[in-house]
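Trainee: I have a structure here, written as C-alpha cells, and I will follow up with some questions on it.
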Amino acid sequence: MQFLFTKLKINLSQGLWLPSLLFILILSSFGPLARSEYRAYELEIGPRRVITTLDPQQYVQLHPLNPGEQVQYLSSWMCWGSTAHHKPICPRPPEYLDREPATDESLEAPGP
C-alpha cells in the first residue's frame with residue numbers, strides 16, 4: 001500500500017491518505033460496469049469468405065496470402081462484448097432489404 005501512495009505522490013503525514021484511498025476505491029468500482037465493443041468484418045479471400053475482427057489491411061499483415069489472392073471487403077458490423085478466451089464473433093445482423101443507401105437529397109433538412 002505504501003508503494004501506491006508513493007507512486008501517487010501522496011504524503012501520508014498530511015492526512016490526505018483516506019480521501020485518496022476512497023477516491024481510488026470508488027474509481028476501481030466502475031471497472032465491472034465498463035463495456036467493450038469491436039467491429040466484425042466479412043472478407044472474401046479467393047473462393048472463401050472469412051469473418052474476422054481484423055480489417056483487410058490488418059488481415060493481410062497477419063495472414064500472408066497465396067500468390068494471386070486478394071482480400072475483398074464485403075461488410076462489417078458492430079459487436080458488443082469481448083472476444084477474450086476465444087469467444088465466437090457475433091453474427092451479422094439481418095440485412096434490411098427495403099433500405100436504400102443515403103443520398104445527398106435524403107440528408108438535407110426539410111424546408112419550411
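A note on labels: chains of the C-alpha cells are A, B, ... as shown, every chain counts residues from 1, and ligands are counted from 1 in their shown order.
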Taking the chain letters and numbering used in this document, name the residues of segment 34-107 of chain A that DSSP puts in strand (DSSP E), as a VMD selection string.
Mentor: chain A and resid 37 to 45 48 to 52 71 to 80
Trainee: Kindly save the residues from that selection, with C-alpha atoms included, as a PDB file, in the first residue's frame.
Mentor:
ATOM      1  CA  GLU A  37     -17.183  -3.343 -28.334  1.00  0.00           C
ATOM      2  CA  TYR A  38     -15.465  -4.370 -31.527  1.00  0.00           C
ATOM      3  CA  ARG A  39     -16.099  -4.408 -35.257  1.00  0.00           C
ATOM      4  CA  ALA A  40     -16.519  -7.654 -37.191  1.00  0.00           C
ATOM      5  CA  TYR A  41     -15.528  -7.831 -40.868  1.00  0.00           C
ATOM      6  CA  GLU A  42     -16.648 -10.184 -43.596  1.00  0.00           C
ATOM      7  CA  LEU A  43     -13.844 -10.605 -46.117  1.00  0.00           C
ATOM      8  CA  GLU A  44     -13.623 -12.594 -49.321  1.00  0.00           C
ATOM      9  CA  ILE A  45     -10.216 -14.120 -49.957  1.00  0.00           C
ATOM     10  CA  ARG A  48     -13.534 -18.414 -49.344  1.00  0.00           C
ATOM     11  CA  ARG A  49     -15.302 -15.990 -47.013  1.00  0.00           C
ATOM     12  CA  VAL A  50     -13.875 -15.138 -43.623  1.00  0.00           C
ATOM     13  CA  ILE A  51     -15.490 -13.382 -40.657  1.00  0.00           C
ATOM     14  CA  THR A  52     -12.819 -11.760 -38.515  1.00  0.00           C
ATOM     15  CA  VAL A  71      -8.757  -9.549 -49.983  1.00  0.00           C
ATOM     16  CA  GLN A  72     -12.104  -8.039 -50.798  1.00  0.00           C
ATOM     17  CA  TYR A  73     -14.096  -6.226 -48.109  1.00  0.00           C
ATOM     18  CA  LEU A  74     -17.747  -7.363 -48.129  1.00  0.00           C
ATOM     19  CA  SER A  75     -19.317  -5.923 -44.980  1.00  0.00           C
ATOM     20  CA  SER A  76     -18.778  -5.006 -41.353  1.00  0.00           C
ATOM     21  CA  TRP A  77     -20.906  -4.599 -38.255  1.00  0.00           C
ATOM     22  CA  MET A  78     -20.550  -3.595 -34.622  1.00  0.00           C
ATOM     23  CA  CYS A  79     -20.464  -6.218 -31.877  1.00  0.00           C
ATOM     24  CA  TRP A  80     -20.721  -5.677 -28.131  1.00  0.00           C
TER      25      TRP A  80
END
